[in-house]
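Let me begin by presenting the structure, written as structure tokens, before commenting on it.
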Amino acid sequence: WEYAARSRGQFMVLPTNTGKADIEFHSGGKNRGINISTSYDRKLFARKNNTHLEELSSVPGDTYPPNSIGIYDMTGNGFEWVNDWYAPDYYSNSSTKDPQGPEKPEFEYDGKGYQKVMRSSNSYNGITGSTVGRTFRSPRVPKDSIPPSQTARCVVNSPNPVEH
């Protein structure tokens with residue numbers, strides 16, 4: 001996830017086409033995103049589609065430009081599970097290059113089972129989708145989780161771009 005979000009491992013805080021949040025600032029907090037959705041953008045989308053979600057709404061994945069390797073919407077629309085199991089102190093003892101997480105589940109939280117690493121909708125200076133943040137959740141999603149905030153991406157390991 002991190003490699004893809006950072007456009008093949010570059011240091012990018014936000015996984016956008018520029019590595020930053022490009023926003024048109026307007027009075028009254030009606031700021032519109034150029035390459036990332038703002039709270040206002042999500043509210044407008046929710047209202048247009050008659051949902052009650054307001055700023056919690058997701059926007060279509062191709063609303064904004066893809067990152068430099070052609071992947072859309074790495075910045076929002078929920079947390080994404082990655083392969084790594086979560087351990088609070090894992091990075092203090094791990095390899096600095098491509099750490100893979102613990103080999104087996106080891107961290108249980110609040111009676112909810114073992115936890116996996118989640119990426120994407122963490123905030124960095126108020127912007128969601130940072131590549132530097134991570135959190136954790138159980139892979140078991142409660143049926144009453146409305147709206148569901150966990151997602152996953154399909155991955156194809158290929159040296160050649162995949163046409164869509």
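Within each chain, counting starts at residue 1; across the structure tokens, chains are named A, B, ... in the order shown, with ligands numbered 1 upward in that order.
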
| message | Just want the 10 Å neighbourhood of Asp98 in chain A, counted on only C-alpha atoms, with same-chain residues fewer than 6 positions away dropped. Output as a VMD selection string. | response | chain A and resid 2 to 3 9

| query | Which polymer residues have any atom within 10 Å of an atom of range 23-34 of chain A, counting only C-alpha atoms, with same-chain residues fewer than 5 positions away left out, as a list in words? | reply | Ser39, Tyr40, Asp41, Arg42, Leu44, Thr63, Tyr64 and Pro65 of chain A

| Of the listed residues A:Phe45, A:Phe136, A:Tyr109, A:Phe11, that which approaches Asn83 in chain A most closely, counting only C-alpha atoms |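 Looking at the shortest contact to Asn83 in chain A, the residue is A:Phe136.
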
Show which residues sit within 12 Å of Gln100 in chain A, as a PDB file with N, CA, C and O atoms, in the first residue's frame. Count only C-alpha atoms, and ignore same-chain residues fewer than 2 positions away.
```pdb
ATOM      1  N   TRP A   1       0.830  -1.183   0.000  1.00  0.00           N
ATOM      2  CA  TRP A   1       0.000   0.000   0.000  1.00  0.00           C
ATOM      3  C   TRP A   1       0.871   1.242   0.000  1.00  0.00           C
ATOM      4  O   TRP A   1       0.675   2.156  -0.788  1.00  0.00           O
ATOM      5  N   GLU A   2       1.825   1.266   0.912  1.00  0.00           N
ATOM      6  CA  GLU A   2       2.663   2.442   1.037  1.00  0.00           C
ATOM      7  C   GLU A   2       3.466   2.696  -0.241  1.00  0.00           C
ATOM      8  O   GLU A   2       3.584   3.832  -0.706  1.00  0.00           O
ATOM      9  N   VAL A  82      -4.215  -3.565   4.975  1.00  0.00           N
ATOM     10  CA  VAL A  82      -3.008  -4.027   4.311  1.00  0.00           C
ATOM     11  C   VAL A  82      -2.694  -5.412   4.866  1.00  0.00           C
ATOM     12  O   VAL A  82      -3.350  -5.894   5.794  1.00  0.00           O
ATOM     13  N   ASN A  83      -1.726  -6.066   4.326  1.00  0.00           N
ATOM     14  CA  ASN A  83      -1.422  -7.438   4.708  1.00  0.00           C
ATOM     15  C   ASN A  83      -0.878  -7.564   6.135  1.00  0.00           C
ATOM     16  O   ASN A  83      -1.004  -8.595   6.755  1.00  0.00           O
ATOM     17  N   ASP A  84      -0.265  -6.519   6.656  1.00  0.00           N
ATOM     18  CA  ASP A  84       0.441  -6.588   7.938  1.00  0.00           C
ATOM     19  C   ASP A  84      -0.489  -6.774   9.132  1.00  0.00           C
ATOM     20  O   ASP A  84      -1.498  -6.082   9.261  1.00  0.00           O
ATOM     21  N   TRP A  85      -0.086  -7.667  10.030  1.00  0.00           N
ATOM     22  CA  TRP A  85      -0.701  -7.719  11.348  1.00  0.00           C
ATOM     23  C   TRP A  85      -0.165  -6.530  12.124  1.00  0.00           C
ATOM     24  O   TRP A  85       0.952  -6.071  11.903  1.00  0.00           O
ATOM     25  N   TYR A  86      -0.943  -6.034  13.080  1.00  0.00           N
ATOM     26  CA  TYR A  86      -0.546  -4.856  13.857  1.00  0.00           C
ATOM     27  C   TYR A  86       0.126  -5.270  15.157  1.00  0.00           C
ATOM     28  O   TYR A  86      -0.306  -6.199  15.825  1.00  0.00           O
ATOM     29  N   ALA A  87       1.184  -4.547  15.515  1.00  0.00           N
ATOM     30  CA  ALA A  87       1.817  -4.652  16.831  1.00  0.00           C
ATOM     31  C   ALA A  87       2.270  -3.241  17.198  1.00  0.00           C
ATOM     32  O   ALA A  87       2.949  -2.586  16.400  1.00  0.00           O
ATOM     33  N   TYR A  90       6.057  -2.657  16.848  1.00  0.00           N
ATOM     34  CA  TYR A  90       6.714  -3.366  15.753  1.00  0.00           C
ATOM     35  C   TYR A  90       7.807  -2.533  15.081  1.00  0.00           C
ATOM     36  O   TYR A  90       8.919  -2.998  14.862  1.00  0.00           O
ATOM     37  N   TYR A  91       7.528  -1.277  14.752  1.00  0.00           N
ATOM     38  CA  TYR A  91       8.506  -0.473  14.019  1.00  0.00           C
ATOM     39  C   TYR A  91       9.759  -0.160  14.832  1.00  0.00           C
ATOM     40  O   TYR A  91      10.806   0.124  14.272  1.00  0.00           O
ATOM     41  N   ASN A  93      11.516  -2.230  16.366  1.00  0.00           N
ATOM     42  CA  ASN A  93      12.448  -3.354  16.231  1.00  0.00           C
ATOM     43  C   ASN A  93      12.512  -3.923  14.816  1.00  0.00           C
ATOM     44  O   ASN A  93      13.123  -4.960  14.606  1.00  0.00           O
ATOM     45  N   SER A  94      11.898  -3.288  13.853  1.00  0.00           N
ATOM     46  CA  SER A  94      11.809  -3.854  12.506  1.00  0.00           C
ATOM     47  C   SER A  94      12.898  -3.319  11.588  1.00  0.00           C
ATOM     48  O   SER A  94      13.600  -2.363  11.904  1.00  0.00           O
ATOM     49  N   SER A  95      12.990  -3.931  10.433  1.00  0.00           N
ATOM     50  CA  SER A  95      13.849  -3.434   9.376  1.00  0.00           C
ATOM     51  C   SER A  95      13.341  -2.061   8.947  1.00  0.00           C
ATOM     52  O   SER A  95      12.140  -1.807   8.967  1.00  0.00           O
ATOM     53  N   THR A  96      14.235  -1.183   8.551  1.00  0.00           N
ATOM     54  CA  THR A  96      13.799   0.133   8.088  1.00  0.00           C
ATOM     55  C   THR A  96      13.353   0.077   6.628  1.00  0.00           C
ATOM     56  O   THR A  96      12.641   0.954   6.176  1.00  0.00           O
ATOM     57  N   LYS A  97      13.756  -0.946   5.896  1.00  0.00           N
ATOM     58  CA  LYS A  97      13.352  -1.079   4.495  1.00  0.00           C
ATOM     59  C   LYS A  97      12.257  -2.131   4.388  1.00  0.00           C
ATOM     60  O   LYS A  97      12.454  -3.292   4.721  1.00  0.00           O
ATOM     61  N   ASP A  98      11.097  -1.724   3.923  1.00  0.00           N
ATOM     62  CA  ASP A  98       9.963  -2.589   3.660  1.00  0.00           C
ATOM     63  C   ASP A  98       9.591  -3.514   4.823  1.00  0.00           C
ATOM     64  O   ASP A  98       9.544  -4.731   4.670  1.00  0.00           O
ATOM     65  N   PRO A 102       4.407  -8.185  11.947  1.00  0.00           N
ATOM     66  CA  PRO A 102       4.665  -9.465  12.609  1.00  0.00           C
ATOM     67  C   PRO A 102       4.268 -10.641  11.714  1.00  0.00           C
ATOM     68  O   PRO A 102       3.330 -10.536  10.921  1.00  0.00           O
ATOM     69  N   GLU A 103       4.975 -11.758  11.847  1.00  0.00           N
ATOM     70  CA  GLU A 103       4.678 -12.942  11.025  1.00  0.00           C
ATOM     71  C   GLU A 103       3.332 -13.554  11.363  1.00  0.00           C
ATOM     72  O   GLU A 103       2.695 -14.174  10.526  1.00  0.00           O
ATOM     73  N   LYS A 104       2.904 -13.399  12.609  1.00  0.00           N
ATOM     74  CA  LYS A 104       1.621 -13.963  13.032  1.00  0.00           C
ATOM     75  C   LYS A 104       0.905 -12.941  13.905  1.00  0.00           C
ATOM     76  O   LYS A 104       1.528 -12.028  14.432  1.00  0.00           O
ATOM     77  N   LYS A 116      -5.301  -5.951  12.420  1.00  0.00           N
ATOM     78  CA  LYS A 116      -4.528  -5.747  11.194  1.00  0.00           C
ATOM     79  C   LYS A 116      -4.289  -4.252  11.009  1.00  0.00           C
ATOM     80  O   LYS A 116      -5.052  -3.413  11.486  1.00  0.00           O
ATOM     81  N   VAL A 117      -3.241  -3.910  10.273  1.00  0.00           N
ATOM     82  CA  VAL A 117      -2.927  -2.516   9.974  1.00  0.00           C
ATOM     83  C   VAL A 117      -3.926  -1.978   8.950  1.00  0.00           C
ATOM     84  O   VAL A 117      -4.294  -2.669   8.006  1.00  0.00           O
TER      85      VAL A 117
END
```

| query | Just how far from CA of Gly76 in chain A is CA of Asn50 in chain A, in Å to one decimal? | reply |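 If I compute the distance from CA of Asn50 in chain A to CA of Gly76 in chain A, I get 20.3 Å.
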
| Out of range 11-148 of chain A, which residues get strand (DSSP E or B) from DSSP, as a list in words? | Ile23, Glu24, Arg32, Gly33, Phe79, Glu80, Trp81, Val82, Asn83, Asp84, Trp85, Glu108, Tyr114, Lys116, Val117, Met118, Arg119, Ser123, Tyr124, Ile127, Thr128, Thr135, Phe136 and Arg137 of chain A

| How many Å separate CA of Met118 in chain A from CA of Thr51 in chain A? | 26.0 Å
